[in-house]
Amino acid sequence: MEVKPAAPRLYTGEHATRPLPFPGIVTASHYVMPNFATMDWHQVEPGEVEANIASLADPGGNLNDELMLYIHVPYCKSFCHYCNFNRYHYPKQDEDRLERYTDYLIKEIDWYMRQPYVQARTFSAIYVGGGSPSTLPLGAVDRLSTHLRKVVPGYDTIEKSFTGEPRTLRRPGMMELLQGHGWNRITFGIETLNPTIHRKIGRLDTREDVDSVFDQMRTLNFDAESCVDIMYDLPGQTLDGFVDELTELVTAYSPSEIDAFSTIYLPYRPLHKLIMDGRVEQPGTAWQLMAMREHLYDYLLSQGYHNTLAETYSKSPVRSQYQTAHCARQDIIAVGCAARGNVKDMVSINPDKVDDWQRNIDERGVSTETMQSIGRGGVLDRIMVMFPRYKELTKDLLDQFADLPDHERVLGVLREHIEAGVVEEEADRYLVNKLGVLWHGNLQTDYLRHTLNTNGEQIMAHLTEVSNNFDNENRFAVTPQTVYIKEHDAEFPRLMK
């Protein structure tokens, strides 16, 4: 159900009410459940992992009937300063290494496709993400696509997303290849149209690259959805500048979908360090951050976009299958270095080093060393953490977990959110309204909080800005907390898709 813009204005305009449903803003969204700082992956017993992997020989035990195949390609031609995903520099002059990586993707795909559990499910989508999959040689993309068409049931009719960066997506022959193989969602990052900010965040692609991608799609009559990422709350970015950028994006390109992400400043990752060293400006105040979020919501809805996920605006009112799967409503088969998956009540993450990933595939066909059950309680956690992004939760789904001790805790959080005015209750479901969308990181954290370990609490404290600092124009400084995180860097793994 679409949520209509609220009146009066909340954070923009002369008469903004500036509601504070929470005492501080959590400036990050949680894309993976379990959260990267809540599970001790290295402590999983190998025997337990092997038993869980073997359980895929049983076609039953499913919580979802549909599944998505996620394929991770970690290579990039350069590193953006804000990125916290698993990625490796493009191996220059070494296409053989990329071809070999593709060989192993195919091997791991084939292992999963032989499992009775996978064979008994319905495929909803394929998503190739990264990194930047468009760094793969054209021959590798062709081989991978050809193989997927051969082994994935319903390949020609299901949703198929291919991710890239503009400067490699525009390579001669790439768009024709993707069109020929029926990829129907092309996703890529623009992040900002401001050339000065663009350089400061480490982006090396150009406006010409972006123009070329859209021009090629038009010239080829390539009717795939064009799905772009943008960012806000960037260093030195003003509200007026963001307003102009958003208008220009819609006017010049009119993409099918816009994923708009608040910049995440994790301690002593490159962008945060550049700010600490004084080489890059601070972002604007927390009040400006909220004004950007509201303008994004109101403007894009006025332009005919639908807020299908908390941070996603689409010309279609229907969520993509990728969004549905990532919000814990489908299983995800994870293929590739560092890919995360969930099947049955189990979650897994593949090795984050390519050599380890390939060695495991050679030895046993599948790479994960961490597949573990999180139980029905963990499944409930995953659903609830993703509810604020998904924006709706049916009471029928929640009632399936009514026998769990945590069910009452979840209802208590829901009641708090209703009282705070960020969630609305209907006869058969709960809905996140406009105010909840603007604060959805806080809603997610409330459902996640009880699972956090010490490192998770440290990160969440850093990513929360308290209300008495909302006017502060220098939001980031060296503190005992950030020093601790810097000195214990290995204990805070990078976010990984």
# chains A, B, ... in the order shown; residues from 1 in each chain; ligands from 1

call {"tool": "closest_atom_pairs", "arguments": {"of": "stretch 263-293 of chain A", "to": "stretch 199-208 of chain A", "cutoff": "9 Å", "atoms": "only C-alpha atoms", "output": "tab-separated table"}}
result
residue	atom	partner	partner_atom	distance
A:Leu271	CA	A:Ile201	CA	6.8
A:Arg279	CA	A:Lys200	CA	8.9
A:Val280	CA	A:Lys200	CA	6.8

call {"tool": "select_by_dssp", "arguments": {"residues": "stretch 32-268 of chain A", "states": "strand (DSSP E)", "output": "VMD selection string"}}
result
chain A and resid 66 to 73 75 to 76 88 to 89 122 to 130 159 to 164 185 to 191 225 to 232 257 to 262

call {"tool": "write_last_selection", "arguments": {"atoms": "C-alpha atoms", "output": "compact mmCIF listing (two decimals), in the first residue's frame"}}
result
# COMPACT_ATOMS: atom_id res chain seq x y z
CA GLU A 66 10.72 -18.95 -3.74
CA LEU A 67 14.42 -18.24 -3.91
CA MET A 68 16.77 -15.80 -5.56
CA LEU A 69 20.22 -16.64 -6.89
CA TYR A 70 22.74 -14.01 -5.78
CA ILE A 71 26.14 -14.01 -7.53
CA HIS A 72 28.94 -11.84 -6.12
CA VAL A 73 31.80 -10.43 -8.21
CA TYR A 75 36.38 -6.83 -8.49
CA CYS A 76 36.48 -3.06 -9.03
CA TYR A 88 39.24 -6.31 -4.79
CA HIS A 89 41.12 -4.12 -7.20
CA THR A 122 10.74 -21.77 -7.62
CA PHE A 123 13.33 -19.29 -8.83
CA SER A 124 12.15 -15.69 -8.64
CA ALA A 125 15.28 -13.79 -9.68
CA ILE A 126 18.98 -13.72 -10.46
CA TYR A 127 21.08 -10.84 -9.16
CA VAL A 128 24.74 -10.34 -10.10
CA GLY A 129 26.26 -7.82 -7.70
CA GLY A 130 29.58 -6.74 -6.33
CA GLU A 159 13.79 -11.01 -13.05
CA LYS A 160 17.49 -10.75 -13.92
CA SER A 161 19.63 -7.91 -12.55
CA PHE A 162 23.18 -7.12 -13.62
CA THR A 163 25.22 -4.57 -11.66
CA GLY A 164 28.02 -2.43 -12.99
CA ARG A 185 17.40 -4.80 -14.75
CA ILE A 186 20.64 -2.88 -15.19
CA THR A 187 21.83 -1.36 -11.92
CA PHE A 188 24.71 1.07 -11.44
CA GLY A 189 25.92 3.78 -9.13
CA ILE A 190 25.88 7.47 -9.97
CA GLU A 191 26.08 8.59 -6.31
CA GLU A 225 14.86 -1.20 -16.12
CA SER A 226 17.57 1.36 -15.40
CA CYS A 227 18.19 1.27 -11.65
CA VAL A 228 20.63 3.83 -10.26
CA ASP A 229 22.15 4.45 -6.85
CA ILE A 230 22.53 7.96 -5.47
CA MET A 231 23.88 9.15 -2.13
CA TYR A 232 23.14 12.10 0.11
CA GLU A 257 14.35 3.11 -10.15
CA ILE A 258 16.36 5.27 -7.78
CA ASP A 259 18.02 3.76 -4.70
CA ALA A 260 18.91 6.66 -2.42
CA PHE A 261 21.32 5.92 0.40
CA SER A 262 22.45 8.03 3.31

call {"tool": "atom_distance", "arguments": {"atom1": "atom CA of A:Ala334", "atom2": "atom CA of A:Ser348"}}
result
8.0 Å

call {"tool": "closest_residue", "arguments": {"among": "A:Trp357, A:Phe401, A:Tyr305, A:Trp287", "to": "A:Ile25", "atoms": "only C-alpha atoms"}}
result
A:Trp287

call {"tool": "closest_residue", "arguments": {"among": "A:Gly365, A:Ser134, A:Gly284, A:Leu20", "to": "A:Val466", "atoms": "only C-alpha atoms"}}
result
A:Leu20

call {"tool": "select_by_dssp", "arguments": {"residues": "stretch 328-424 of chain A", "states": "alpha helix (DSSP H)", "output": "ChimeraX atom specification"}}
result
/A:354-364,375-390,395-399,406-420

call {"tool": "write_last_selection", "arguments": {"atoms": "C-alpha atoms", "output": "compact mmCIF listing (two decimals), in the first residue's frame"}}
result
# COMPACT_ATOMS: atom_id res chain seq x y z
CA VAL A 354 39.14 -15.48 -3.49
CA ASP A 355 41.80 -18.18 -3.03
CA ASP A 356 39.96 -19.65 -0.01
CA TRP A 357 36.67 -19.53 -1.86
CA GLN A 358 38.13 -21.37 -4.85
CA ARG A 359 39.93 -23.96 -2.72
CA ASN A 360 36.71 -24.90 -0.94
CA ILE A 361 34.89 -25.33 -4.24
CA ASP A 362 37.67 -27.58 -5.49
CA GLU A 363 37.52 -29.69 -2.33
CA ARG A 364 33.75 -30.06 -1.87
CA GLY A 375 16.30 -21.11 14.41
CA ARG A 376 12.82 -19.68 14.09
CA GLY A 377 13.77 -16.96 16.55
CA GLY A 378 16.54 -15.83 14.21
CA VAL A 379 14.15 -15.92 11.27
CA LEU A 380 11.76 -13.67 13.21
CA ASP A 381 14.67 -11.30 13.94
CA ARG A 382 15.51 -11.16 10.24
CA ILE A 383 11.90 -10.44 9.25
CA MET A 384 11.55 -7.71 11.86
CA VAL A 385 14.86 -5.99 11.08
CA MET A 386 13.82 -5.85 7.43
CA PHE A 387 10.22 -4.81 8.14
CA PRO A 388 11.05 -1.05 8.30
CA ARG A 389 12.67 -1.31 4.85
CA TYR A 390 9.87 -3.48 3.42
CA LYS A 395 -0.35 -9.97 11.06
CA ASP A 396 -0.68 -13.45 9.55
CA LEU A 397 3.09 -13.60 9.04
CA LEU A 398 3.81 -12.35 12.54
CA ASP A 399 1.29 -14.80 14.03
CA ASP A 406 10.37 -13.14 21.54
CA HIS A 407 6.93 -12.65 20.02
CA GLU A 408 5.79 -10.48 22.92
CA ARG A 409 9.01 -8.45 22.76
CA VAL A 410 8.36 -7.75 19.07
CA LEU A 411 4.79 -6.67 19.82
CA GLY A 412 6.15 -4.34 22.48
CA VAL A 413 8.48 -2.66 19.97
CA LEU A 414 5.62 -2.36 17.50
CA ARG A 415 3.49 -0.65 20.15
CA GLU A 416 6.33 1.79 20.88
CA HIS A 417 6.62 2.62 17.18
CA ILE A 418 2.88 3.16 16.87
CA GLU A 419 2.97 5.52 19.86
CA ALA A 420 5.95 7.35 18.32

call {"tool": "closest_residue", "arguments": {"among": "A:Gly456, A:Pro59, A:Gly441, A:Pro405", "to": "A:Gly24", "atoms": "only C-alpha atoms"}}
result
A:Gly441

call {"tool": "closest_residue", "arguments": {"among": "A:Ser367, A:Lys391, A:Glu425, A:His272", "to": "A:Lys107", "atoms": "only C-alpha atoms"}}
result
A:Ser367

call {"tool": "residues_around", "arguments": {"residues": "A:Arg114", "least_positions_apart": "5", "cutoff": "10 Å", "atoms": "only C-alpha atoms", "output": "ChimeraX atom specification"}}
result
/A:56-57,109,119,151

call {"tool": "residues_around", "arguments": {"residues": "stretch 471-488 of chain A", "least_positions_apart": "5", "cutoff": "12 Å", "atoms": "only C-alpha atoms", "output": "NGL selection string"}}
result
:A and (27 or 233 or 235-236 or 238 or 264-278 or 280-290 or 454-466 or 493)

call {"tool": "write_last_selection", "arguments": {"atoms": "N, CA and C atoms", "output": "compact mmCIF listing (two decimals), in the first residue's frame"}}
result
# COMPACT_ATOMS: atom_id res chain seq x y z
N THR A 27 22.25 6.72 11.62
CA THR A 27 22.51 7.18 10.25
C THR A 27 22.82 6.06 9.28
N ASP A 233 23.83 13.35 2.08
CA ASP A 233 24.60 13.58 3.30
C ASP A 233 26.09 13.35 3.03
N PRO A 235 30.05 14.62 2.01
CA PRO A 235 30.90 15.70 2.50
C PRO A 235 30.73 16.97 1.65
N GLY A 236 30.47 18.09 2.32
CA GLY A 236 30.35 19.35 1.62
C GLY A 236 29.06 19.54 0.84
N THR A 238 25.27 20.49 0.20
CA THR A 238 24.24 21.33 0.81
C THR A 238 22.86 20.82 0.42
N ILE A 264 27.22 6.37 4.90
CA ILE A 264 27.58 5.72 6.16
C ILE A 264 29.04 6.01 6.46
N TYR A 265 29.29 6.68 7.56
CA TYR A 265 30.65 7.06 7.94
C TYR A 265 31.16 6.11 9.02
N LEU A 266 31.65 4.95 8.60
CA LEU A 266 32.21 4.01 9.56
C LEU A 266 33.61 4.49 9.97
N PRO A 267 33.94 4.36 11.26
CA PRO A 267 35.20 4.91 11.76
C PRO A 267 36.43 4.37 11.02
N TYR A 268 37.24 5.31 10.56
CA TYR A 268 38.54 5.04 9.97
C TYR A 268 38.48 4.19 8.71
N ARG A 269 37.31 4.07 8.10
CA ARG A 269 37.28 3.69 6.70
C ARG A 269 37.74 4.92 5.92
N PRO A 270 38.10 4.78 4.65
CA PRO A 270 38.78 5.88 3.95
C PRO A 270 38.08 7.22 4.01
N LEU A 271 36.75 7.27 3.81
CA LEU A 271 36.08 8.57 3.78
C LEU A 271 36.11 9.24 5.16
N HIS A 272 35.86 8.47 6.21
CA HIS A 272 35.92 9.00 7.56
C HIS A 272 37.33 9.50 7.88
N LYS A 273 38.34 8.78 7.46
CA LYS A 273 39.72 9.17 7.72
C LYS A 273 40.07 10.47 6.99
N LEU A 274 39.59 10.61 5.75
CA LEU A 274 39.84 11.84 5.01
C LEU A 274 39.24 13.05 5.74
N ILE A 275 38.07 12.86 6.35
CA ILE A 275 37.46 13.95 7.12
C ILE A 275 38.27 14.22 8.38
N MET A 276 38.70 13.15 9.07
CA MET A 276 39.51 13.33 10.28
C MET A 276 40.81 14.07 9.98
N ASP A 277 41.37 13.81 8.79
CA ASP A 277 42.64 14.44 8.41
C ASP A 277 42.44 15.84 7.84
N GLY A 278 41.19 16.28 7.70
CA GLY A 278 40.92 17.61 7.19
C GLY A 278 41.05 17.76 5.69
N VAL A 280 38.87 16.40 3.49
CA VAL A 280 37.52 16.43 2.93
C VAL A 280 36.61 17.09 3.97
N GLU A 281 35.66 17.91 3.50
CA GLU A 281 34.77 18.62 4.43
C GLU A 281 33.88 17.66 5.21
N GLN A 282 33.37 18.16 6.31
CA GLN A 282 32.33 17.46 7.06
C GLN A 282 31.03 17.48 6.24
N PRO A 283 30.14 16.53 6.45
CA PRO A 283 28.79 16.67 5.90
C PRO A 283 28.03 17.74 6.66
N GLY A 284 26.84 18.09 6.20
CA GLY A 284 26.03 19.10 6.88
C GLY A 284 25.48 18.58 8.19
N THR A 285 24.65 19.38 8.83
CA THR A 285 24.10 19.02 10.14
C THR A 285 23.11 17.87 10.03
N ALA A 286 22.77 17.30 11.18
CA ALA A 286 21.77 16.23 11.20
C ALA A 286 20.41 16.75 10.77
N TRP A 287 20.11 18.02 11.07
CA TRP A 287 18.84 18.58 10.58
C TRP A 287 18.82 18.63 9.05
N GLN A 288 19.96 18.95 8.45
CA GLN A 288 20.02 18.95 6.99
C GLN A 288 19.82 17.54 6.45
N LEU A 289 20.40 16.55 7.12
CA LEU A 289 20.21 15.16 6.72
C LEU A 289 18.71 14.82 6.67
N MET A 290 17.96 15.20 7.70
CA MET A 290 16.53 14.90 7.72
C MET A 290 15.78 15.68 6.63
N THR A 454 29.23 -6.81 21.79
CA THR A 454 29.92 -5.59 22.22
C THR A 454 30.36 -4.75 21.03
N ASN A 455 30.89 -5.40 20.01
CA ASN A 455 31.33 -4.65 18.83
C ASN A 455 30.16 -4.02 18.10
N GLY A 456 29.04 -4.74 18.08
CA GLY A 456 27.85 -4.17 17.46
C GLY A 456 27.38 -2.93 18.19
N GLU A 457 27.42 -2.96 19.52
CA GLU A 457 27.03 -1.79 20.30
C GLU A 457 27.96 -0.61 20.04
N GLN A 458 29.26 -0.89 19.90
CA GLN A 458 30.23 0.17 19.60
C GLN A 458 29.89 0.83 18.27
N ILE A 459 29.65 0.02 17.25
CA ILE A 459 29.35 0.58 15.92
C ILE A 459 28.05 1.37 15.96
N MET A 460 27.02 0.82 16.60
CA MET A 460 25.73 1.51 16.61
C MET A 460 25.81 2.82 17.39
N ALA A 461 26.61 2.85 18.43
CA ALA A 461 26.79 4.11 19.17
C ALA A 461 27.44 5.16 18.27
N HIS A 462 28.43 4.73 17.49
CA HIS A 462 29.08 5.68 16.59
C HIS A 462 28.12 6.17 15.51
N LEU A 463 27.24 5.29 15.03
CA LEU A 463 26.34 5.63 13.93
C LEU A 463 25.06 6.30 14.41
N THR A 464 24.99 6.66 15.69
CA THR A 464 23.83 7.36 16.23
C THR A 464 24.22 8.76 16.63
N GLU A 465 23.49 9.75 16.14
CA GLU A 465 23.75 11.14 16.49
C GLU A 465 22.62 11.63 17.39
N VAL A 466 22.95 12.10 18.59
CA VAL A 466 21.95 12.45 19.58
C VAL A 466 21.40 13.84 19.32
N PRO A 493 34.47 -6.52 11.04
CA PRO A 493 34.54 -6.89 9.61
C PRO A 493 33.76 -5.93 8.75

call {"tool": "atom_distance", "arguments": {"atom1": "atom CA of A:Leu435", "atom2": "atom CA of A:Pro19"}}
result
8.7 Å

call {"tool": "atom_distance", "arguments": {"atom1": "atom CA of A:Glu294", "atom2": "atom CA of A:Tyr447"}}
result
23.4 Å

call {"tool": "residues_around", "arguments": {"residues": "A:Tyr253", "least_positions_apart": "4", "cutoff": "9 Å", "atoms": "only C-alpha atoms", "output": "PyMOL selection string"}}
result
chain A and resi 211+214+248-249

call {"tool": "write_last_selection", "arguments": {"atoms": "N, CA and C atoms", "output": "mmCIF file, in the first residue's frame"}}
result
data_model
loop_
_atom_site.group_PDB
_atom_site.id
_atom_site.type_symbol
_atom_site.label_atom_id
_atom_site.label_comp_id
_atom_site.auth_asym_id
_atom_site.auth_seq_id
_atom_site.Cartn_x
_atom_site.Cartn_y
_atom_site.Cartn_z
ATOM 1 N N ASP A 211 26.155 9.277 -19.219
ATOM 2 C CA ASP A 211 25.414 9.606 -20.444
ATOM 3 C C ASP A 211 25.465 8.448 -21.433
ATOM 4 N N PHE A 214 23.015 5.473 -20.595
ATOM 5 C CA PHE A 214 21.621 5.773 -20.939
ATOM 6 C C PHE A 214 21.439 5.912 -22.447
ATOM 7 N N GLU A 248 17.996 17.321 -11.555
ATOM 8 C CA GLU A 248 18.745 17.043 -12.780
ATOM 9 C C GLU A 248 18.727 15.554 -13.116
ATOM 10 N N LEU A 249 18.846 14.696 -12.095
ATOM 11 C CA LEU A 249 18.816 13.251 -12.325
ATOM 12 C C LEU A 249 17.513 12.827 -12.990
#
